[in-house]
Amino acid sequence: MNFNKLAKESHANAVRHGFWEKRESNEHCLMLVVSEIGEMVEAHRAGKRANLEVYNDGTFNSSENFKVLIKDALEDEMADVAIRLGDLAGALGVDFDKMNPCKYHRAFDKFTFTENAFALTKGLCRDIIGIEKRIQFGLEYITKWAHSLGIDLAWHIGEKMKYNATRPPKHGKAY
């Protein structure tokens, strides 16, 4: 996955939708990422998974199809984590090509879903590490975790970005 492309596209969409009218703190932005991690856990707890078989058969129009078959599913919430991290990276002008590779490794299958979610949250909140490295860690982590679960995260991000482009300012929320 090209993190620089994700940062550019997710940030541009967030700006178009009014999320950057006021520059919020990095902590504010990371809390929104953490809230997506919480939504991801809730989707997992409820057993809500994307129905890709029906989604890809073209029975519904694309917006309705997404809302019914993918929105709020585990895969969708994982995409939201990556999109929020990409948005913050775009706002900060992070250039992942100029960064040293992230060396973090985790055997996701050795831990429960909630333990993996907690480790991601904990890593994002380690304020002794620079924000750029925490964003890079988060993107690497969610990408590798999704892969370990057999989820094509890049595809889900693409579909969510298309859906987000159709949404109202701030997606109908206060921030």
# chains A, B, ... in the order shown; residues from 1 in each chain; ligands from 1
>>> residues_around(residues="His44 of chain A", least_positions_apart="5", cutoff="8 Å", atoms="only C-alpha atoms", output="NGL selection string")
:A and (49 or 73-74 or 113)
>>> residues_around(residues="Arg126 of chain A", least_positions_apart="6", cutoff="12 Å", atoms="only C-alpha atoms", output="VMD selection string")
chain A and resid 27 30 119 to 120 132 to 135 137 to 138
>>> write_last_selection(atoms="all heavy atoms", output="short mmCIF file (atom, residue, chain, number, x, y, z; two decimals), in the first residue's frame")
data_model
loop_
_atom_site.label_atom_id
_atom_site.label_comp_id
_atom_site.auth_asym_id
_atom_site.auth_seq_id
_atom_site.Cartn_x
_atom_site.Cartn_y
_atom_site.Cartn_z
N GLU A 27 -3.54 15.25 19.31
CA GLU A 27 -4.23 14.39 20.27
C GLU A 27 -5.70 14.22 19.90
O GLU A 27 -6.25 13.12 20.00
CB GLU A 27 -4.09 14.95 21.69
CG GLU A 27 -2.69 14.86 22.25
CD GLU A 27 -1.74 15.97 21.78
OE1 GLU A 27 -2.19 16.92 21.07
OE2 GLU A 27 -0.56 15.89 22.10
N LEU A 30 -5.73 11.83 16.93
CA LEU A 30 -5.44 10.45 17.35
C LEU A 30 -6.61 9.87 18.13
O LEU A 30 -6.88 8.66 18.04
CB LEU A 30 -4.16 10.38 18.17
CG LEU A 30 -2.87 10.53 17.37
CD1 LEU A 30 -1.67 10.59 18.31
CD2 LEU A 30 -2.71 9.40 16.37
N ALA A 119 -2.95 -3.16 21.66
CA ALA A 119 -1.55 -2.90 21.29
C ALA A 119 -1.46 -1.77 20.26
O ALA A 119 -0.56 -0.92 20.33
CB ALA A 119 -0.91 -4.17 20.75
N LEU A 120 -2.39 -1.73 19.31
CA LEU A 120 -2.43 -0.65 18.33
C LEU A 120 -2.70 0.68 19.03
O LEU A 120 -1.99 1.67 18.81
CB LEU A 120 -3.49 -0.93 17.27
CG LEU A 120 -3.77 0.18 16.26
CD1 LEU A 120 -2.50 0.61 15.53
CD2 LEU A 120 -4.85 -0.27 15.29
N GLU A 132 4.98 11.43 13.65
CA GLU A 132 5.15 10.83 12.33
C GLU A 132 5.42 9.33 12.44
O GLU A 132 4.86 8.54 11.68
CB GLU A 132 6.30 11.51 11.56
CG GLU A 132 6.04 12.95 11.21
CD GLU A 132 6.44 13.94 12.31
OE1 GLU A 132 6.89 13.50 13.41
OE2 GLU A 132 6.28 15.14 12.08
N LYS A 133 6.26 8.93 13.40
CA LYS A 133 6.56 7.51 13.59
C LYS A 133 5.35 6.76 14.14
O LYS A 133 5.13 5.59 13.80
CB LYS A 133 7.76 7.31 14.52
CG LYS A 133 9.09 7.68 13.91
CD LYS A 133 9.41 6.90 12.65
CE LYS A 133 9.90 5.50 12.92
NZ LYS A 133 10.28 4.77 11.70
N ARG A 134 4.56 7.40 14.97
CA ARG A 134 3.34 6.75 15.48
C ARG A 134 2.34 6.52 14.36
O ARG A 134 1.69 5.48 14.30
CB ARG A 134 2.72 7.56 16.61
CG ARG A 134 3.52 7.45 17.90
CD ARG A 134 2.82 8.10 19.05
NE ARG A 134 3.09 9.54 19.03
CZ ARG A 134 2.36 10.47 19.62
NH1 ARG A 134 1.28 10.14 20.29
NH2 ARG A 134 2.70 11.73 19.59
N ILE A 135 2.21 7.48 13.47
CA ILE A 135 1.32 7.32 12.32
C ILE A 135 1.83 6.18 11.44
O ILE A 135 1.05 5.31 11.03
CB ILE A 135 1.21 8.62 11.51
CG1 ILE A 135 0.50 9.70 12.32
CG2 ILE A 135 0.50 8.38 10.18
CD1 ILE A 135 0.60 11.09 11.73
N PHE A 137 3.73 3.67 12.33
CA PHE A 137 3.48 2.43 13.07
C PHE A 137 2.02 1.99 12.90
O PHE A 137 1.73 0.84 12.61
CB PHE A 137 3.80 2.63 14.57
CG PHE A 137 3.10 1.65 15.46
CD1 PHE A 137 3.58 0.36 15.60
CD2 PHE A 137 1.93 2.00 16.14
CE1 PHE A 137 2.92 -0.56 16.42
CE2 PHE A 137 1.26 1.10 16.94
CZ PHE A 137 1.76 -0.20 17.09
N GLY A 138 1.09 2.92 13.09
CA GLY A 138 -0.33 2.60 13.00
C GLY A 138 -0.73 2.07 11.64
O GLY A 138 -1.48 1.09 11.52
#
>>> closest_residue(among="A:Ile70, A:Ile128, A:Val94, A:Ile151", to="Ala43 of chain A", atoms="only C-alpha atoms")
A:Ile70
>>> closest_atom_pairs(of="segment 66-172 of chain A", to="segment 32-39 of chain A", cutoff="9 Å", atoms="only C-alpha atoms", output="tab-separated table")
residue	atom	partner	partner_atom	distance
A:Asp72	CA	A:Glu39	CA	7.9
A:Leu74	CA	A:Glu39	CA	8.3
A:Glu77	CA	A:Glu36	CA	6.2
A:Met78	CA	A:Ile37	CA	7.5
A:Asp80	CA	A:Glu36	CA	6.4
A:Val81	CA	A:Val33	CA	5.6
A:Ala82	CA	A:Val33	CA	8.3
A:Ile83	CA	A:Val33	CA	8.9
A:Arg84	CA	A:Val33	CA	5.9
A:Leu85	CA	A:Val33	CA	6.8
A:Ala117	CA	A:Ile37	CA	6.6
A:Phe118	CA	A:Ile37	CA	8.7
A:Leu120	CA	A:Ile37	CA	8.3
A:Thr121	CA	A:Val34	CA	6.2
A:Leu124	CA	A:Val34	CA	8.3
>>> write_last_selection(atoms="all heavy atoms", output="tab-separated table (two decimals), in the first residue's frame")
chain	number	residue	atom	x	y	z
A	72	ASP	N	-19.84	-0.15	8.41
A	72	ASP	CA	-19.80	-0.53	9.84
A	72	ASP	C	-19.36	-1.97	10.09
A	72	ASP	O	-19.38	-2.42	11.23
A	72	ASP	CB	-21.14	-0.27	10.53
A	72	ASP	CG	-21.56	1.19	10.43
A	72	ASP	OD1	-20.68	2.07	10.49
A	72	ASP	OD2	-22.77	1.46	10.29
A	74	LEU	N	-16.40	-5.02	10.16
A	74	LEU	CA	-15.01	-5.05	10.61
A	74	LEU	C	-14.06	-4.46	9.58
A	74	LEU	O	-13.22	-3.61	9.89
A	74	LEU	CB	-14.61	-6.49	10.95
A	74	LEU	CG	-13.13	-6.73	11.23
A	74	LEU	CD1	-12.69	-5.97	12.47
A	74	LEU	CD2	-12.86	-8.21	11.37
A	77	GLU	N	-14.36	-0.69	9.32
A	77	GLU	CA	-13.77	0.02	10.46
A	77	GLU	C	-12.24	-0.02	10.41
A	77	GLU	O	-11.58	0.95	10.78
A	77	GLU	CB	-14.29	-0.55	11.78
A	77	GLU	CG	-15.80	-0.44	11.96
A	77	GLU	CD	-16.35	0.98	11.88
A	77	GLU	OE1	-15.58	1.96	11.94
A	77	GLU	OE2	-17.58	1.11	11.74
A	78	MET	N	-11.67	-1.12	9.93
A	78	MET	CA	-10.21	-1.16	9.74
A	78	MET	C	-9.79	-0.12	8.70
A	78	MET	O	-8.78	0.57	8.88
A	78	MET	CB	-9.75	-2.56	9.31
A	78	MET	CG	-9.78	-3.56	10.43
A	78	MET	SD	-9.04	-5.14	9.93
A	78	MET	CE	-7.82	-5.30	11.24
A	80	ASP	N	-11.36	2.64	8.10
A	80	ASP	CA	-11.49	3.94	8.75
A	80	ASP	C	-10.26	4.29	9.60
A	80	ASP	O	-9.84	5.45	9.63
A	80	ASP	CB	-12.73	3.99	9.63
A	80	ASP	CG	-14.02	4.16	8.84
A	80	ASP	OD1	-13.96	4.56	7.67
A	80	ASP	OD2	-15.10	3.91	9.42
A	81	VAL	N	-9.70	3.31	10.28
A	81	VAL	CA	-8.47	3.54	11.06
A	81	VAL	C	-7.37	4.04	10.12
A	81	VAL	O	-6.72	5.06	10.39
A	81	VAL	CB	-8.03	2.26	11.80
A	81	VAL	CG1	-6.63	2.44	12.40
A	81	VAL	CG2	-9.03	1.88	12.88
A	82	ALA	N	-7.18	3.35	9.01
A	82	ALA	CA	-6.12	3.73	8.06
A	82	ALA	C	-6.40	5.10	7.44
A	82	ALA	O	-5.48	5.92	7.28
A	82	ALA	CB	-5.99	2.66	6.97
A	83	ILE	N	-7.65	5.36	7.10
A	83	ILE	CA	-8.01	6.64	6.48
A	83	ILE	C	-7.77	7.80	7.45
A	83	ILE	O	-7.21	8.84	7.07
A	83	ILE	CB	-9.47	6.62	5.97
A	83	ILE	CG1	-9.58	5.67	4.77
A	83	ILE	CG2	-9.96	8.02	5.62
A	83	ILE	CD1	-11.01	5.30	4.39
A	84	ARG	N	-8.16	7.65	8.70
A	84	ARG	CA	-7.92	8.70	9.69
A	84	ARG	C	-6.43	8.94	9.89
A	84	ARG	O	-5.98	10.07	10.01
A	84	ARG	CB	-8.58	8.36	11.02
A	84	ARG	CG	-10.06	8.55	11.00
A	84	ARG	CD	-10.45	9.64	11.98
A	84	ARG	NE	-11.88	9.85	11.95
A	84	ARG	CZ	-12.43	11.03	11.75
A	84	ARG	NH1	-11.68	12.08	11.54
A	84	ARG	NH2	-13.73	11.16	11.77
A	85	LEU	N	-5.65	7.85	9.96
A	85	LEU	CA	-4.19	8.01	10.08
A	85	LEU	C	-3.61	8.67	8.84
A	85	LEU	O	-2.74	9.55	8.93
A	85	LEU	CB	-3.52	6.65	10.32
A	85	LEU	CG	-3.71	6.06	11.71
A	85	LEU	CD1	-3.28	4.60	11.74
A	85	LEU	CD2	-2.95	6.86	12.75
A	117	ALA	N	-6.04	-4.99	19.29
A	117	ALA	CA	-6.58	-3.63	19.23
A	117	ALA	C	-5.94	-2.75	20.31
A	117	ALA	O	-5.60	-1.59	20.06
A	117	ALA	CB	-8.10	-3.66	19.39
A	118	PHE	N	-5.76	-3.31	21.49
A	118	PHE	CA	-5.14	-2.55	22.58
A	118	PHE	C	-3.68	-2.21	22.23
A	118	PHE	O	-3.23	-1.08	22.48
A	118	PHE	CB	-5.20	-3.33	23.89
A	118	PHE	CG	-4.59	-2.58	25.04
A	118	PHE	CD1	-5.27	-1.53	25.63
A	118	PHE	CD2	-3.33	-2.91	25.52
A	118	PHE	CE1	-4.71	-0.82	26.69
A	118	PHE	CE2	-2.76	-2.20	26.57
A	118	PHE	CZ	-3.45	-1.15	27.16
A	120	LEU	N	-2.39	-1.73	19.31
A	120	LEU	CA	-2.43	-0.65	18.33
A	120	LEU	C	-2.70	0.68	19.03
A	120	LEU	O	-1.99	1.67	18.81
A	120	LEU	CB	-3.49	-0.93	17.27
A	120	LEU	CG	-3.77	0.18	16.26
A	120	LEU	CD1	-2.50	0.61	15.53
A	120	LEU	CD2	-4.85	-0.27	15.29
A	121	THR	N	-3.68	0.70	19.90
A	121	THR	CA	-4.02	1.92	20.64
A	121	THR	C	-2.83	2.39	21.47
A	121	THR	O	-2.49	3.58	21.47
A	121	THR	CB	-5.24	1.66	21.54
A	121	THR	OG1	-6.33	1.20	20.74
A	121	THR	CG2	-5.64	2.90	22.30
A	124	LEU	N	-0.11	3.98	19.35
A	124	LEU	CA	-0.47	5.31	18.85
A	124	LEU	C	-0.39	6.37	19.93
A	124	LEU	O	-0.22	7.56	19.63
A	124	LEU	CB	-1.89	5.28	18.26
A	124	LEU	CG	-2.04	4.50	16.96
A	124	LEU	CD1	-3.52	4.37	16.60
A	124	LEU	CD2	-1.26	5.15	15.84
>>> residues_around(residues="Asp95 of chain A", least_positions_apart="4", cutoff="10 Å", atoms="only C-alpha atoms", output="PyMOL selection string")
chain A and resi 3-5+7+89-90+99+132+136
>>> write_last_selection(atoms="N, CA and C atoms", output="PDB file, in the first residue's frame")
ATOM      1  N   PHE A   3       1.436   4.591   1.280  1.00  0.00           N
ATOM      2  CA  PHE A   3       0.977   5.455   2.371  1.00  0.00           C
ATOM      3  C   PHE A   3       0.960   6.927   1.968  1.00  0.00           C
ATOM      4  N   ASN A   4       1.886   7.359   1.115  1.00  0.00           N
ATOM      5  CA  ASN A   4       1.872   8.758   0.675  1.00  0.00           C
ATOM      6  C   ASN A   4       0.613   9.061  -0.132  1.00  0.00           C
ATOM      7  N   LYS A   5       0.210   8.140  -0.990  1.00  0.00           N
ATOM      8  CA  LYS A   5      -1.016   8.315  -1.776  1.00  0.00           C
ATOM      9  C   LYS A   5      -2.232   8.342  -0.847  1.00  0.00           C
ATOM     10  N   ALA A   7      -2.288   9.250   2.277  1.00  0.00           N
ATOM     11  CA  ALA A   7      -2.253  10.509   3.017  1.00  0.00           C
ATOM     12  C   ALA A   7      -2.794  11.657   2.167  1.00  0.00           C
ATOM     13  N   ALA A  89      -1.584  12.215   8.568  1.00  0.00           N
ATOM     14  CA  ALA A  89      -0.282  12.265   7.876  1.00  0.00           C
ATOM     15  C   ALA A  89      -0.297  13.331   6.790  1.00  0.00           C
ATOM     16  N   GLY A  90      -1.387  13.405   6.044  1.00  0.00           N
ATOM     17  CA  GLY A  90      -1.507  14.416   4.996  1.00  0.00           C
ATOM     18  C   GLY A  90      -1.498  15.820   5.568  1.00  0.00           C
ATOM     19  N   MET A  99      11.162   8.227   5.406  1.00  0.00           N
ATOM     20  CA  MET A  99      11.259   7.665   6.756  1.00  0.00           C
ATOM     21  C   MET A  99      11.940   6.300   6.706  1.00  0.00           C
ATOM     22  N   GLU A 132       4.985  11.434  13.652  1.00  0.00           N
ATOM     23  CA  GLU A 132       5.154  10.830  12.332  1.00  0.00           C
ATOM     24  C   GLU A 132       5.417   9.330  12.440  1.00  0.00           C
ATOM     25  N   GLN A 136       3.132   6.168  11.168  1.00  0.00           N
ATOM     26  CA  GLN A 136       3.709   5.100  10.357  1.00  0.00           C
ATOM     27  C   GLN A 136       3.478   3.741  11.020  1.00  0.00           C
TER      28      GLN A 136
END
>>> closest_residue(among="A:Lys67, A:Pro168, A:Thr112, A:Leu139", to="Ala154 of chain A", atoms="only C-alpha atoms")
A:Leu139
>>> residues_around(residues="Tyr104 of chain A", least_positions_apart="3", cutoff="10 Å", atoms="only C-alpha atoms", output="VMD selection string")
chain A and resid 101 137 140 to 141
>>> select_by_dssp(residues="segment 68-103 of chain A", states="alpha helix (DSSP H)", output="list in words")
Val68, Leu69, Leu74, Glu75, Asp76, Glu77, Met78, Ala79, Asp80, Val81, Ala82, Ile83, Arg84, Leu85, Gly86, Asp87, Leu88, Ala89, Gly90, Ala91 and Leu92 of chain A
>>> write_last_selection(atoms="N, CA and C atoms", output="CSV table (one decimal), in the first residue's frame")
chain,number,residue,atom,x,y,z
A,68,VAL,N,-25.4,-1.1,2.9
A,68,VAL,CA,-26.1,-2.3,3.4
A,68,VAL,C,-25.1,-3.4,3.7
A,69,LEU,N,-24.1,-3.6,2.8
A,69,LEU,CA,-23.3,-4.8,2.8
A,69,LEU,C,-21.9,-4.6,3.4
A,74,LEU,N,-16.4,-5.0,10.2
A,74,LEU,CA,-15.0,-5.0,10.6
A,74,LEU,C,-14.1,-4.5,9.6
A,75,GLU,N,-14.2,-4.9,8.3
A,75,GLU,CA,-13.3,-4.4,7.3
A,75,GLU,C,-13.4,-2.9,7.1
A,76,ASP,N,-14.6,-2.4,7.1
A,76,ASP,CA,-14.9,-1.0,7.0
A,76,ASP,C,-14.3,-0.2,8.1
A,77,GLU,N,-14.4,-0.7,9.3
A,77,GLU,CA,-13.8,0.0,10.5
A,77,GLU,C,-12.2,0.0,10.4
A,78,MET,N,-11.7,-1.1,9.9
A,78,MET,CA,-10.2,-1.2,9.7
A,78,MET,C,-9.8,-0.1,8.7
A,79,ALA,N,-10.6,0.0,7.6
A,79,ALA,CA,-10.3,1.0,6.6
A,79,ALA,C,-10.4,2.4,7.2
A,80,ASP,N,-11.4,2.6,8.1
A,80,ASP,CA,-11.5,3.9,8.8
A,80,ASP,C,-10.3,4.3,9.6
A,81,VAL,N,-9.7,3.3,10.3
A,81,VAL,CA,-8.5,3.5,11.1
A,81,VAL,C,-7.4,4.0,10.1
A,82,ALA,N,-7.2,3.3,9.0
A,82,ALA,CA,-6.1,3.7,8.1
A,82,ALA,C,-6.4,5.1,7.4
A,83,ILE,N,-7.7,5.4,7.1
A,83,ILE,CA,-8.0,6.6,6.5
A,83,ILE,C,-7.8,7.8,7.5
A,84,ARG,N,-8.2,7.6,8.7
A,84,ARG,CA,-7.9,8.7,9.7
A,84,ARG,C,-6.4,8.9,9.9
A,85,LEU,N,-5.6,7.8,10.0
A,85,LEU,CA,-4.2,8.0,10.1
A,85,LEU,C,-3.6,8.7,8.8
A,86,GLY,N,-4.1,8.3,7.7
A,86,GLY,CA,-3.7,8.9,6.4
A,86,GLY,C,-4.0,10.4,6.4
A,87,ASP,N,-5.2,10.7,6.8
A,87,ASP,CA,-5.6,12.1,6.9
A,87,ASP,C,-4.6,13.0,7.8
A,88,LEU,N,-4.3,12.4,8.9
A,88,LEU,CA,-3.4,13.2,9.8
A,88,LEU,C,-2.0,13.3,9.2
A,89,ALA,N,-1.6,12.2,8.6
A,89,ALA,CA,-0.3,12.3,7.9
A,89,ALA,C,-0.3,13.3,6.8
A,90,GLY,N,-1.4,13.4,6.0
A,90,GLY,CA,-1.5,14.4,5.0
A,90,GLY,C,-1.5,15.8,5.6
A,91,ALA,N,-2.2,16.0,6.7
A,91,ALA,CA,-2.2,17.3,7.3
A,91,ALA,C,-0.8,17.8,7.8
A,92,LEU,N,-0.1,16.8,8.3
A,92,LEU,CA,1.3,17.1,8.8
A,92,LEU,C,2.3,17.1,7.7
>>> residues_around(residues="segment 169-172 of chain A", least_positions_apart="3", cutoff="7 Å", atoms="only C-alpha atoms", output="list in words")
His17, Gly18, Phe19 and Tyr175 of chain A
>>> write_last_selection(atoms="all heavy atoms", output="PDB file, in the first residue's frame")
ATOM      1  N   HIS A  17     -14.531  18.025   3.010  1.00  0.00           N
ATOM      2  CA  HIS A  17     -15.703  17.787   3.848  1.00  0.00           C
ATOM      3  C   HIS A  17     -15.687  18.588   5.160  1.00  0.00           C
ATOM      4  O   HIS A  17     -16.476  18.318   6.062  1.00  0.00           O
ATOM      5  CB  HIS A  17     -15.854  16.287   4.119  1.00  0.00           C
ATOM      6  CG  HIS A  17     -16.411  15.560   2.941  1.00  0.00           C
ATOM      7  ND1 HIS A  17     -15.632  15.170   1.880  1.00  0.00           N
ATOM      8  CD2 HIS A  17     -17.675  15.196   2.649  1.00  0.00           C
ATOM      9  CE1 HIS A  17     -16.396  14.590   0.983  1.00  0.00           C
ATOM     10  NE2 HIS A  17     -17.641  14.584   1.421  1.00  0.00           N
ATOM     11  N   GLY A  18     -14.784  19.558   5.257  1.00  0.00           N
ATOM     12  CA  GLY A  18     -14.817  20.503   6.360  1.00  0.00           C
ATOM     13  C   GLY A  18     -14.133  20.070   7.647  1.00  0.00           C
ATOM     14  O   GLY A  18     -14.219  20.769   8.652  1.00  0.00           O
ATOM     15  N   PHE A  19     -13.447  18.939   7.628  1.00  0.00           N
ATOM     16  CA  PHE A  19     -12.810  18.467   8.863  1.00  0.00           C
ATOM     17  C   PHE A  19     -11.619  19.329   9.286  1.00  0.00           C
ATOM     18  O   PHE A  19     -11.182  19.240  10.420  1.00  0.00           O
ATOM     19  CB  PHE A  19     -12.357  17.009   8.719  1.00  0.00           C
ATOM     20  CG  PHE A  19     -13.486  16.026   8.785  1.00  0.00           C
ATOM     21  CD1 PHE A  19     -13.939  15.401   7.635  1.00  0.00           C
ATOM     22  CD2 PHE A  19     -14.089  15.713   9.989  1.00  0.00           C
ATOM     23  CE1 PHE A  19     -14.984  14.483   7.691  1.00  0.00           C
ATOM     24  CE2 PHE A  19     -15.129  14.796  10.059  1.00  0.00           C
ATOM     25  CZ  PHE A  19     -15.576  14.178   8.903  1.00  0.00           C
ATOM     26  N   TYR A 175     -17.631  17.026  14.568  1.00  0.00           N
ATOM     27  CA  TYR A 175     -16.194  17.039  14.226  1.00  0.00           C
ATOM     28  C   TYR A 175     -15.763  15.680  13.794  1.00  0.00           C
ATOM     29  O   TYR A 175     -16.477  14.712  13.862  1.00  0.00           O
ATOM     30  CB  TYR A 175     -15.329  17.541  15.407  1.00  0.00           C
ATOM     31  CG  TYR A 175     -15.531  16.803  16.707  1.00  0.00           C
ATOM     32  CD1 TYR A 175     -14.808  15.657  16.991  1.00  0.00           C
ATOM     33  CD2 TYR A 175     -16.440  17.261  17.663  1.00  0.00           C
ATOM     34  CE1 TYR A 175     -14.981  14.979  18.188  1.00  0.00           C
ATOM     35  CE2 TYR A 175     -16.619  16.590  18.847  1.00  0.00           C
ATOM     36  CZ  TYR A 175     -15.891  15.450  19.105  1.00  0.00           C
ATOM     37  OH  TYR A 175     -16.056  14.774  20.304  1.00  0.00           O
TER      38      TYR A 175
END
>>> atom_distance(atom1="atom CA of Thr114 of chain A", atom2="atom CA of Lys173 of chain A")
26.9 Å
>>> atom_distance(atom1="atom CA of Leu149 of chain A", atom2="atom CA of Lys71 of chain A")
18.1 Å
